[in-house]
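For reference, work_28.cif is printed below; it contains mmCIF, C-alpha atoms.
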```cif
data_work
#
loop_
_atom_site.label_atom_id
_atom_site.label_comp_id
_atom_site.auth_asym_id
_atom_site.auth_seq_id
_atom_site.Cartn_x
_atom_site.Cartn_y
_atom_site.Cartn_z
CA MET A 1 53.82 -24.66 54.39
CA LYS A 2 57.11 -26.52 55.05
CA ARG A 3 59.15 -24.96 57.84
CA ASN A 4 60.91 -25.96 61.03
CA LYS A 5 58.65 -24.28 63.60
CA PRO A 6 55.49 -26.32 64.18
CA MET A 7 52.24 -24.81 62.91
CA GLN A 8 50.31 -23.51 65.89
CA VAL A 9 46.63 -24.22 66.48
CA ALA A 10 44.96 -22.21 69.23
CA ILE A 11 42.02 -23.99 70.86
CA VAL A 12 39.97 -21.24 72.53
CA THR A 13 38.75 -22.75 75.81
CA LEU A 14 36.61 -20.59 78.09
CA GLU A 15 34.98 -20.90 81.51
CA ALA A 16 32.30 -23.64 81.55
CA PHE A 17 33.70 -25.05 78.31
CA ASN A 18 32.51 -28.27 76.71
CA GLU A 19 35.25 -30.91 76.90
CA LEU A 20 34.03 -32.61 73.72
CA ASP A 21 34.81 -29.49 71.72
CA SER A 22 38.22 -28.47 73.03
CA PHE A 23 39.75 -31.86 73.75
CA VAL A 24 38.54 -33.88 70.78
CA ALA A 25 39.87 -31.17 68.49
CA SER A 26 43.18 -30.67 70.31
CA ALA A 27 43.88 -34.40 70.64
CA ILE A 28 43.25 -34.97 66.91
CA VAL A 29 45.22 -31.91 65.76
CA ASN A 30 48.19 -32.83 67.97
CA ARG A 31 48.60 -36.14 66.12
CA ALA A 32 49.76 -34.37 62.96
CA PRO A 33 53.51 -34.06 62.46
CA GLY A 34 54.59 -30.42 62.55
CA VAL A 35 51.36 -29.20 64.11
CA GLN A 36 50.94 -28.20 67.73
CA ALA A 37 47.64 -27.40 69.41
CA ALA A 38 47.43 -25.34 72.60
CA ILE A 39 44.50 -24.87 74.97
CA CYS A 40 44.19 -21.05 75.07
CA CYS A 41 42.26 -19.58 77.96
CA PRO A 42 41.23 -16.14 79.23
CA SER A 43 42.90 -16.90 82.60
CA ASP A 44 45.58 -19.24 83.99
CA CYS A 45 43.04 -21.94 84.70
CA VAL A 46 39.48 -22.62 83.50
CA THR A 47 36.79 -25.01 84.71
CA SER A 48 34.73 -27.08 82.29
CA MET A 49 30.92 -27.35 82.29
CA ASN A 50 31.44 -30.56 84.27
CA GLY A 51 33.75 -29.07 86.86
CA VAL A 52 37.09 -30.22 85.42
CA ARG A 53 39.83 -27.65 86.12
CA VAL A 54 42.37 -27.29 83.32
CA VAL A 55 45.56 -25.23 83.24
CA ALA A 56 45.90 -22.99 80.17
CA GLN A 57 48.69 -23.90 77.76
CA ALA A 58 48.67 -20.37 76.34
CA PRO A 59 46.84 -17.10 76.99
CA LEU A 60 43.95 -15.95 74.84
CA GLU A 61 46.25 -13.47 73.12
CA ALA A 62 48.16 -16.38 71.52
CA VAL A 63 45.25 -16.58 69.08
CA ALA A 64 46.67 -13.62 67.12
CA GLU A 65 49.94 -15.46 66.36
CA ALA A 66 48.40 -18.86 65.62
CA ASP A 67 48.22 -20.38 62.15
CA ALA A 68 44.78 -21.74 62.95
CA VAL A 69 42.15 -21.16 65.62
CA LEU A 70 39.25 -23.26 66.90
CA ILE A 71 36.52 -21.90 69.15
CA GLY A 72 34.50 -24.45 71.08
CA SER A 73 31.26 -24.01 72.96
CA GLY A 74 30.39 -23.73 76.61
CA ARG A 75 27.73 -22.85 79.12
CA ARG A 76 28.89 -19.25 79.51
CA THR A 77 29.32 -18.20 75.87
CA ARG A 78 26.42 -15.76 76.05
CA ASP A 79 28.15 -13.86 78.89
CA TYR A 80 31.32 -13.67 76.81
CA LEU A 81 29.32 -12.30 73.87
CA GLU A 82 28.52 -9.22 75.94
CA ASP A 83 32.06 -8.79 77.30
CA ALA A 84 33.81 -6.18 75.13
CA SER A 85 37.09 -6.42 77.01
CA PHE A 86 37.15 -10.20 76.50
CA LEU A 87 36.27 -9.88 72.80
CA SER A 88 39.03 -7.30 72.27
CA ARG A 89 41.60 -9.92 73.32
CA ILE A 90 40.77 -12.22 70.38
CA LYS A 91 42.47 -10.97 67.21
CA LEU A 92 41.57 -13.07 64.18
CA ASP A 93 42.48 -12.65 60.53
CA SER A 94 40.80 -15.03 58.12
CA SER A 95 43.05 -13.90 55.28
CA ARG A 96 46.04 -15.65 56.87
CA GLN A 97 44.50 -17.97 59.49
CA LEU A 98 42.28 -21.03 59.29
CA ILE A 99 39.40 -20.42 61.69
CA GLY A 100 36.77 -22.81 62.98
CA ALA A 101 33.99 -22.74 65.54
CA GLN A 102 31.25 -25.05 66.69
CA CYS A 103 27.92 -24.78 68.49
CA SER A 104 27.85 -21.62 70.67
CA GLY A 105 31.40 -20.86 69.53
CA VAL A 106 29.79 -19.85 66.22
CA LEU A 107 27.99 -17.05 68.08
CA LEU A 108 31.37 -15.72 69.21
CA LEU A 109 32.76 -15.98 65.70
CA HIS A 110 29.79 -13.99 64.43
CA ARG A 111 30.31 -11.34 67.08
CA LEU A 112 33.94 -11.14 65.96
CA GLY A 113 32.77 -10.43 62.41
CA LEU A 114 33.92 -13.70 60.88
CA ILE A 115 30.59 -15.22 59.82
CA GLY A 116 29.20 -14.36 56.39
CA THR A 117 25.67 -15.11 55.21
CA ALA A 118 25.73 -18.83 56.02
CA ALA A 119 27.04 -21.09 58.80
CA THR A 120 26.10 -24.17 60.75
CA SER A 121 25.70 -24.70 64.50
CA ASP A 122 23.77 -26.75 67.03
CA THR A 123 20.02 -26.44 67.63
CA THR A 124 20.51 -24.30 70.77
CA SER A 125 22.51 -21.58 69.02
CA THR A 126 20.63 -21.67 65.71
CA PRO A 127 17.71 -19.34 66.64
CA LEU A 128 20.06 -16.52 67.68
CA LEU A 129 22.16 -16.89 64.53
CA GLN A 130 18.98 -16.78 62.45
CA GLU A 131 17.86 -13.67 64.35
CA TRP A 132 21.17 -12.13 63.34
CA GLY A 133 20.39 -12.88 59.70
CA VAL A 134 22.61 -15.93 59.25
CA CYS A 135 21.34 -18.80 57.11
CA VAL A 136 21.98 -21.91 59.23
CA THR A 137 22.56 -24.86 56.92
CA GLY A 138 21.94 -27.70 59.39
CA ALA A 139 24.96 -29.57 57.97
CA PRO A 140 27.58 -31.06 60.33
CA LEU A 141 30.27 -28.84 58.73
CA HIS A 142 30.06 -25.66 56.66
CA VAL A 143 33.13 -24.09 55.07
CA GLU A 144 33.51 -20.68 53.46
CA GLY A 145 37.09 -19.96 52.41
CA ASN A 146 39.27 -20.14 55.52
CA VAL A 147 36.35 -20.23 57.97
CA ALA A 148 34.56 -23.42 59.03
CA THR A 149 31.60 -23.89 61.34
CA ALA A 150 30.21 -27.09 62.79
CA GLY A 151 27.30 -28.23 64.93
CA GLY A 152 26.89 -30.93 67.58
CA CYS A 153 29.60 -31.70 70.15
CA LEU A 154 31.31 -34.52 68.27
CA SER A 155 31.51 -32.43 65.08
CA SER A 156 34.76 -31.25 66.70
CA GLN A 157 36.35 -34.22 64.90
CA TYR A 158 35.21 -32.78 61.55
CA LEU A 159 36.55 -29.29 62.33
CA ALA A 160 39.90 -30.79 63.33
CA SER A 161 39.97 -33.01 60.24
CA TRP A 162 39.14 -30.08 57.94
CA MET A 163 41.91 -28.05 59.55
CA LEU A 164 44.46 -30.87 59.18
CA ALA A 165 43.42 -31.46 55.57
CA ARG A 166 44.05 -27.78 54.84
CA MET A 167 47.35 -27.67 56.75
CA CYS A 168 48.86 -31.08 55.98
CA GLY A 169 46.84 -32.47 53.08
CA TRP A 170 43.96 -34.91 53.01
CA GLN A 171 46.12 -38.04 53.24
CA THR A 172 47.52 -36.98 56.62
CA ALA A 173 44.08 -36.01 57.89
CA ALA A 174 42.65 -39.35 56.76
CA ARG A 175 45.46 -41.29 58.45
CA ILE A 176 44.77 -39.52 61.73
CA VAL A 177 41.01 -40.05 61.49
CA ARG A 178 41.74 -43.76 60.99
CA ASP A 179 44.09 -43.75 64.01
CA VAL A 180 41.52 -42.26 66.40
CA ALA A 181 38.44 -44.12 65.10
CA PRO A 182 36.96 -47.05 67.00
CA VAL A 183 38.52 -50.32 65.83
CA GLY A 184 36.36 -51.96 63.19
CA HIS A 185 34.83 -48.60 62.28
CA GLN A 186 37.93 -46.97 60.78
CA GLU A 187 36.89 -47.03 57.12
CA GLU A 188 33.40 -45.78 57.98
CA TYR A 189 34.93 -42.85 59.92
CA VAL A 190 37.33 -41.96 57.12
CA GLN A 191 34.57 -42.16 54.50
CA ARG A 192 32.19 -39.96 56.46
CA THR A 193 34.90 -37.37 57.09
CA SER A 194 35.98 -37.54 53.45
CA ASP A 195 32.40 -36.91 52.30
CA LEU A 196 32.31 -33.74 54.41
CA VAL A 197 35.84 -32.41 54.09
CA LYS A 198 37.05 -33.27 50.60
CA PRO A 199 34.43 -31.17 48.75
CA THR A 200 35.56 -28.13 50.79
CA LEU A 201 39.22 -28.39 49.81
CA LEU A 202 40.55 -25.99 47.23
CA PRO A 203 41.15 -27.47 43.77
CA ILE A 204 44.89 -26.82 44.21
CA GLY A 205 46.24 -28.82 47.18
CA PRO A 206 48.44 -27.48 49.97
CA SER A 207 52.04 -26.75 49.02
CA SER A 208 53.37 -29.29 51.51
CA MET B 209 18.66 -47.98 90.81
CA LYS B 210 16.41 -45.10 91.93
CA ARG B 211 17.89 -43.14 94.83
CA ASN B 212 18.72 -39.57 95.77
CA LYS B 213 22.50 -39.69 95.69
CA PRO B 214 23.82 -39.53 92.10
CA MET B 215 25.42 -42.68 90.74
CA GLN B 216 29.17 -42.15 90.68
CA VAL B 217 31.35 -42.97 87.67
CA ALA B 218 35.10 -42.89 88.26
CA ILE B 219 37.12 -42.03 85.15
CA VAL B 220 40.64 -43.30 85.88
CA THR B 221 42.97 -40.69 84.37
CA LEU B 222 46.72 -41.22 84.67
CA GLU B 223 49.90 -39.36 83.75
CA ALA B 224 50.25 -38.96 79.95
CA PHE B 225 46.57 -39.83 79.53
CA ASN B 226 44.72 -39.67 76.22
CA GLU B 227 42.15 -36.86 76.32
CA LEU B 228 39.86 -38.67 73.86
CA ASP B 229 39.41 -41.48 76.35
CA SER B 230 38.84 -39.64 79.63
CA PHE B 231 36.98 -36.56 78.40
CA VAL B 232 34.70 -38.04 75.76
CA ALA B 233 33.54 -40.60 78.31
CA SER B 234 33.16 -38.15 81.20
CA ALA B 235 31.36 -35.53 79.10
CA ILE B 236 28.86 -38.09 77.80
CA VAL B 237 28.27 -39.77 81.18
CA ASN B 238 27.75 -36.40 82.90
CA ARG B 239 24.78 -35.67 80.64
CA ALA B 240 22.68 -38.36 82.28
CA PRO B 241 20.35 -37.26 85.06
CA GLY B 242 21.37 -38.78 88.38
CA VAL B 243 24.84 -39.76 87.17
CA GLN B 244 28.04 -37.96 88.06
CA ALA B 245 31.44 -38.66 86.52
CA ALA B 246 34.69 -37.70 88.22
CA ILE B 247 38.20 -37.57 86.80
CA CYS B 248 40.12 -39.78 89.27
CA CYS B 249 43.89 -39.42 89.31
CA PRO B 250 46.85 -40.91 91.17
CA SER B 251 47.94 -37.39 92.24
CA ASP B 252 46.39 -33.94 92.66
CA CYS B 253 47.12 -33.02 89.07
CA VAL B 254 47.99 -35.03 85.95
CA THR B 255 49.33 -34.01 82.54
CA SER B 256 47.90 -35.45 79.32
CA MET B 257 49.93 -36.96 76.47
CA ASN B 258 49.62 -33.55 74.83
CA GLY B 259 50.79 -31.55 77.84
CA VAL B 260 47.38 -30.45 79.17
CA ARG B 261 47.43 -30.22 82.99
CA VAL B 262 44.22 -31.27 84.66
CA VAL B 263 43.26 -31.10 88.33
CA ALA B 264 41.89 -34.36 89.76
CA GLN B 265 38.22 -34.33 90.76
CA ALA B 266 38.78 -37.31 93.04
CA PRO B 267 41.69 -39.50 94.16
CA LEU B 268 42.31 -42.92 92.66
CA GLU B 269 40.90 -44.51 95.81
CA ALA B 270 37.44 -43.16 94.89
CA VAL B 271 37.27 -46.04 92.40
CA ALA B 272 36.39 -48.44 95.23
CA GLU B 273 33.23 -46.51 96.12
CA ALA B 274 32.07 -45.79 92.56
CA ASP B 275 29.09 -47.47 90.93
CA ALA B 276 31.00 -47.64 87.67
CA VAL B 277 34.61 -47.23 86.57
CA LEU B 278 36.21 -46.44 83.23
CA ILE B 279 39.94 -46.80 82.55
CA GLY B 280 41.32 -44.89 79.59
CA SER B 281 44.66 -45.22 77.88
CA GLY B 282 47.82 -43.19 77.91
CA ARG B 283 51.47 -43.12 76.99
CA ARG B 284 52.65 -44.35 80.38
CA THR B 285 50.33 -47.30 80.95
CA ARG B 286 53.15 -49.83 80.67
CA ASP B 287 54.99 -48.14 83.57
CA TYR B 288 51.82 -48.31 85.67
CA LEU B 289 51.49 -52.03 84.85
CA GLU B 290 54.74 -52.65 86.72
CA ASP B 291 53.89 -50.40 89.68
CA ALA B 292 52.52 -52.61 92.45
CA SER B 293 51.87 -49.73 94.83
CA PHE B 294 49.83 -47.93 92.15
CA LEU B 295 47.89 -51.10 91.29
CA SER B 296 47.07 -51.71 94.96
CA ARG B 297 45.21 -48.39 95.05
CA ILE B 298 42.62 -49.54 92.48
CA LYS B 299 40.00 -51.72 94.15
CA LEU B 300 37.47 -53.05 91.67
CA ASP B 301 34.56 -55.45 92.14
CA SER B 302 32.79 -56.54 88.99
CA SER B 303 30.01 -58.21 90.98
CA ARG B 304 28.70 -54.80 92.04
CA GLN B 305 30.37 -52.31 89.67
CA LEU B 306 30.16 -51.70 85.95
CA ILE B 307 33.73 -51.60 84.66
CA GLY B 308 35.07 -50.51 81.30
CA ALA B 309 38.49 -49.96 79.74
CA GLN B 310 39.83 -49.06 76.33
CA CYS B 311 43.09 -49.41 74.43
CA SER B 312 46.02 -49.67 76.86
CA GLY B 313 43.55 -49.34 79.75
CA VAL B 314 42.58 -52.93 78.91
CA LEU B 315 46.12 -54.00 79.85
CA LEU B 316 45.58 -52.47 83.30
CA LEU B 317 42.23 -54.18 83.64
CA HIS B 318 43.87 -57.50 82.77
CA ARG B 319 46.58 -56.89 85.36
CA LEU B 320 43.85 -56.22 87.91
CA GLY B 321 42.33 -59.63 87.12
CA LEU B 322 39.18 -58.35 85.44
CA ILE B 323 39.66 -59.69 81.91
CA GLY B 324 38.42 -63.19 81.09
CA THR B 325 39.25 -65.14 77.97
CA ALA B 326 38.17 -62.46 75.49
CA ALA B 327 38.40 -58.66 75.16
CA THR B 328 38.96 -55.96 72.59
CA SER B 329 41.58 -53.22 72.41
CA ASP B 330 43.55 -51.12 69.93
CA THR B 331 46.22 -52.52 67.61
CA THR B 332 49.07 -51.29 69.86
CA SER B 333 47.90 -53.19 72.95
CA THR B 334 46.61 -56.26 71.15
CA PRO B 335 49.93 -58.21 70.87
CA LEU B 336 50.55 -58.03 74.62
CA LEU B 337 46.99 -59.13 75.43
CA GLN B 338 47.39 -62.05 73.03
CA GLU B 339 50.70 -62.94 74.67
CA TRP B 340 48.80 -63.07 77.95
CA GLY B 341 46.36 -65.54 76.38
CA VAL B 342 43.46 -63.17 75.76
CA CYS B 343 41.44 -63.62 72.57
CA VAL B 344 41.19 -60.10 71.11
CA THR B 345 37.96 -59.82 69.14
CA GLY B 346 38.79 -56.76 67.03
CA ALA B 347 35.28 -55.38 67.66
CA PRO B 348 34.81 -51.75 68.75
CA LEU B 349 33.14 -52.94 71.98
CA HIS B 350 33.20 -56.26 73.80
CA VAL B 351 31.04 -56.92 76.85
CA GLU B 352 31.18 -59.81 79.32
CA GLY B 353 28.76 -59.40 82.20
CA ASN B 354 29.62 -56.16 83.98
CA VAL B 355 32.94 -55.66 82.19
CA ALA B 356 33.31 -53.90 78.83
CA THR B 357 36.39 -53.32 76.71
CA ALA B 358 36.79 -51.10 73.68
CA GLY B 359 39.44 -50.22 71.13
CA GLY B 360 40.33 -47.02 69.26
CA CYS B 361 40.28 -43.61 70.94
CA LEU B 362 36.76 -42.61 69.94
CA SER B 363 35.32 -45.93 71.13
CA SER B 364 35.14 -44.03 74.43
CA GLN B 365 31.68 -42.94 73.24
CA TYR B 366 30.61 -46.59 73.03
CA LEU B 367 31.93 -47.42 76.52
CA ALA B 368 30.08 -44.41 77.93
CA SER B 369 26.90 -45.31 76.03
CA TRP B 370 27.02 -48.92 77.22
CA MET B 371 27.48 -47.72 80.78
CA LEU B 372 24.56 -45.29 80.56
CA ALA B 373 22.37 -47.96 78.95
CA ARG B 374 23.11 -50.26 81.88
CA MET B 375 22.63 -47.53 84.52
CA CYS B 376 19.73 -45.51 83.08
CA GLY B 377 18.25 -47.64 80.32
CA TRP B 378 18.76 -47.57 76.57
CA GLN B 379 16.32 -44.69 75.93
CA THR B 380 18.38 -42.31 78.08
CA ALA B 381 21.62 -43.47 76.51
CA ALA B 382 20.17 -43.00 73.01
CA ARG B 383 18.93 -39.50 73.83
CA ILE B 384 22.39 -38.51 75.02
CA VAL B 385 24.12 -40.02 71.98
CA ARG B 386 21.73 -37.97 69.82
CA ASP B 387 22.54 -34.83 71.85
CA VAL B 388 26.30 -35.10 71.40
CA ALA B 389 26.30 -36.33 67.78
CA PRO B 390 27.20 -33.99 64.92
CA VAL B 391 24.07 -32.28 63.57
CA GLY B 392 22.72 -34.16 60.57
CA HIS B 393 24.42 -37.38 61.74
CA GLN B 394 22.32 -37.98 64.86
CA GLU B 395 20.33 -40.97 63.64
CA GLU B 396 23.45 -42.59 62.18
CA TYR B 397 25.22 -42.20 65.54
CA VAL B 398 22.29 -43.62 67.50
CA GLN B 399 21.92 -46.55 65.10
CA ARG B 400 25.61 -47.45 65.22
CA THR B 401 25.64 -47.29 69.02
CA SER B 402 22.42 -49.27 69.21
CA ASP B 403 23.90 -52.01 66.99
CA LEU B 404 26.82 -52.34 69.42
CA VAL B 405 25.18 -51.77 72.79
CA LYS B 406 21.68 -53.22 72.59
CA PRO B 407 22.77 -56.83 71.99
CA THR B 408 24.89 -56.61 75.18
CA LEU B 409 22.02 -55.55 77.44
CA LEU B 410 20.50 -58.12 79.75
CA PRO B 411 17.09 -59.45 78.69
CA ILE B 412 15.57 -57.87 81.82
CA GLY B 413 16.03 -54.09 81.73
CA PRO B 414 17.33 -51.91 84.57
CA SER B 415 14.96 -51.41 87.47
CA SER B 416 14.91 -47.62 86.94
#
```

What does this structure look like when you write it as structure tokens?
Amino acid sequence: MKRNKPMQVAIVTLEAFNELDSFVASAIVNRAPGVQAAICCPSDCVTSMNGVRVVAQAPLEAVAEADAVLIGSGRRTRDYLEDASFLSRIKLDSSRQLIGAQCSGVLLLHRLGLIGTAATSDTTSTPLLQEWGVCVTGAPLHVEGNVATAGGCLSSQYLASWMLARMCGWQTAARIVRDVAPVGHQEEYVQRTSDLVKPTLLPIGPSS
Amino acid sequence: MKRNKPMQVAIVTLEAFNELDSFVASAIVNRAPGVQAAICCPSDCVTSMNGVRVVAQAPLEAVAEADAVLIGSGRRTRDYLEDASFLSRIKLDSSRQLIGAQCSGVLLLHRLGLIGTAATSDTTSTPLLQEWGVCVTGAPLHVEGNVATAGGCLSSQYLASWMLARMCGWQTAARIVRDVAPVGHQEEYVQRTSDLVKPTLLPIGPSS
């Protein structure tokens, strides 16, 4: 994946979004050399579930051009699920993009046709996924090919780490996990992430 | 601490701020009933170290009225350390406020006269603190009375948990840690936070 243009990661960030999803992921991803995350929103400005107003770094349509996409959760996801015009703006292709979602973001990913027979999510979104015939694993992270799902706000760190491991290799991902971990807990953080992410990596490593 | 008005937590968020500090803390604190966190900035709008523009929820001066204050880190902290007019806008009183800082935010707290003989921080800020005569413990969280310091981006969760434990009691803090933890890792997250926070709590619990 060596090239001059940074790899682009679109962080889908909607009205009433959860800061722990969008910002933990974007801050971790942005630490990787040659990788650039952008907060992608359906309008120029969105407001978090806690009333924090954030200016979009890119429009929702940037998702189509991104190398990787993460969809976080929020308090208004169920409205978005019913919004055909909103959904039509998100063009995903799991054959060429890495795609991840967490918590209610997994509902959106399912609606967009990207969830197979199994996924993971948080306890709030699990009943609806099960109603839709998805086997919810209850694991922090579940990976099928280029699509990863996660559950629980702070699982955003695992989604970001999985994505970095796929884009830049495990060593880079591990270095960044160590950099953002609480001091004194670095090795514990790397080990826990390794236990989740390493088994999901393809037997042949990234070409970088 | 029972009363009708929510307890106010000011999250000091400066130019080039680290999202992992301000937003992990604010998102966790905002989950507590009767507690309200606000992103407090030196101007109407600040831009994170990764180029995310955020609108202030309150001015820096709101710190003086808050029940609790958290100071995160950022890429421009060392400029702020030399800015007397900026520093004069932050009025802190550790006899009536809970105060926390992490990473380079600890440098600011020292400059404001709130750090005693010992603190913790990240590896980047540690040499300067040591030069100033502070013993840096290397622990994820260090608490002296009403002042807590932490090191490593994701130690923001420990600062927030300590603050909630002091304001609402350990049971509420533990419930919120469980709520934001990755699914499947909830008990591990609660246990690790408990190991850090519980020994710092006063023998007589909060009056709530």

Can you list every residue of chain B that has an atom at most 6 Å from chain A, with its nearest atom pair and the distance in Å to one decimal, using all atoms listed in the file, ordered by chain then number, as a Markdown table?
```
| residue | atom | partner | partner_atom | distance |
| --- | --- | --- | --- | --- |
| B:Leu228 | CA | A:Val24 | CA | 5.8 |
| B:Val232 | CA | A:Leu20 | CA | 5.8 |
| B:Arg261 | CA | A:Val55 | CA | 5.3 |
| B:Val262 | CA | A:Val54 | CA | 4.6 |
| B:Val263 | CA | A:Arg53 | CA | 5.3 |
| B:Ala347 | CA | A:Gly184 | CA | 5.7 |
| B:Pro348 | CA | A:Val183 | CA | 4.9 |
| B:Gly359 | CA | A:Val183 | CA | 5.4 |
| B:Gly360 | CA | A:Pro182 | CA | 4.1 |
| B:Cys361 | CA | A:Val180 | CA | 4.9 |
| B:Leu362 | CA | A:Pro182 | CA | 5.3 |
| B:Ser363 | CA | A:Pro182 | CA | 4.6 |
| B:Val388 | CA | A:Cys153 | CA | 4.9 |
| B:Ala389 | CA | A:Leu154 | CA | 5.3 |
| B:Pro390 | CA | A:Gly152 | CA | 4.1 |
| B:Val391 | CA | A:Pro140 | CA | 4.9 |
| B:Gly392 | CA | A:Ala139 | CA | 5.7 |
```

Chain and number of each residue from the PyMOL selection byres ((chain B and resi 295) around 12), as an MDAnalysis selection string:
chainID B and resid 220 222 250 268:269 271 285:294 296:300 315:321

From the list A:Lys5, A:Cys135, A:Gly34, A:Ser104, the nearest residue to Phe17 of chain A using only C-alpha atoms is A:Ser104

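Pairwise distance (atom CA of Ala274 of chain B, atom CA of Gln216 of chain B) equals 5.0 Å.
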
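Using only C-alpha atoms, the nearest neighbour of Gly105 of chain A within the list A:Asp93, A:Thr13, A:Leu196, A:Pro33 is A:Thr13.
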
Could you add the missing atoms to segment 242-260 of chain B, up to N, CA and C atoms, and return them as a compact mmCIF listing (two decimals), in the frame of the given file?
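Writing done, so here's selection_24.txt:
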```
# COMPACT_ATOMS: atom_id res chain seq x y z
N GLY B 242 21.11 -37.85 87.28
CA GLY B 242 21.37 -38.78 88.38
C GLY B 242 22.67 -39.54 88.24
N VAL B 243 23.53 -39.11 87.33
CA VAL B 243 24.84 -39.76 87.17
C VAL B 243 25.91 -38.67 87.21
N GLN B 244 26.98 -38.95 87.92
CA GLN B 244 28.04 -37.96 88.06
C GLN B 244 29.39 -38.64 87.79
N ALA B 245 30.11 -38.11 86.81
CA ALA B 245 31.44 -38.66 86.52
C ALA B 245 32.49 -37.80 87.19
N ALA B 246 33.57 -38.43 87.63
CA ALA B 246 34.69 -37.70 88.22
C ALA B 246 35.99 -38.20 87.63
N ILE B 247 36.86 -37.24 87.28
CA ILE B 247 38.20 -37.57 86.80
C ILE B 247 39.02 -37.96 88.03
N CYS B 248 39.41 -39.25 88.10
CA CYS B 248 40.12 -39.78 89.27
C CYS B 248 41.59 -40.01 88.91
N CYS B 249 42.46 -39.41 89.68
CA CYS B 249 43.89 -39.42 89.31
C CYS B 249 44.75 -39.92 90.47
N PRO B 250 45.94 -40.42 90.14
CA PRO B 250 46.85 -40.91 91.17
C PRO B 250 47.50 -39.79 91.99
N SER B 251 47.39 -38.54 91.50
CA SER B 251 47.94 -37.39 92.24
C SER B 251 46.99 -36.21 92.06
N ASP B 252 47.30 -35.09 92.69
CA ASP B 252 46.39 -33.94 92.66
C ASP B 252 46.17 -33.41 91.25
N CYS B 253 47.13 -33.63 90.39
CA CYS B 253 47.12 -33.02 89.07
C CYS B 253 47.83 -33.98 88.12
N VAL B 254 47.29 -34.20 86.93
CA VAL B 254 47.99 -35.03 85.95
C VAL B 254 48.14 -34.25 84.64
N THR B 255 49.08 -34.69 83.81
CA THR B 255 49.33 -34.01 82.54
C THR B 255 49.06 -34.99 81.40
N SER B 256 48.28 -34.56 80.43
CA SER B 256 47.90 -35.45 79.32
C SER B 256 49.08 -35.72 78.40
N MET B 257 48.90 -36.64 77.46
CA MET B 257 49.93 -36.96 76.47
C MET B 257 50.26 -35.75 75.60
N ASN B 258 49.37 -34.77 75.60
CA ASN B 258 49.62 -33.55 74.83
C ASN B 258 49.95 -32.35 75.72
N GLY B 259 50.32 -32.63 76.97
CA GLY B 259 50.79 -31.55 77.84
C GLY B 259 49.71 -30.72 78.50
N VAL B 260 48.46 -31.19 78.50
CA VAL B 260 47.38 -30.45 79.17
C VAL B 260 47.34 -30.88 80.64
```
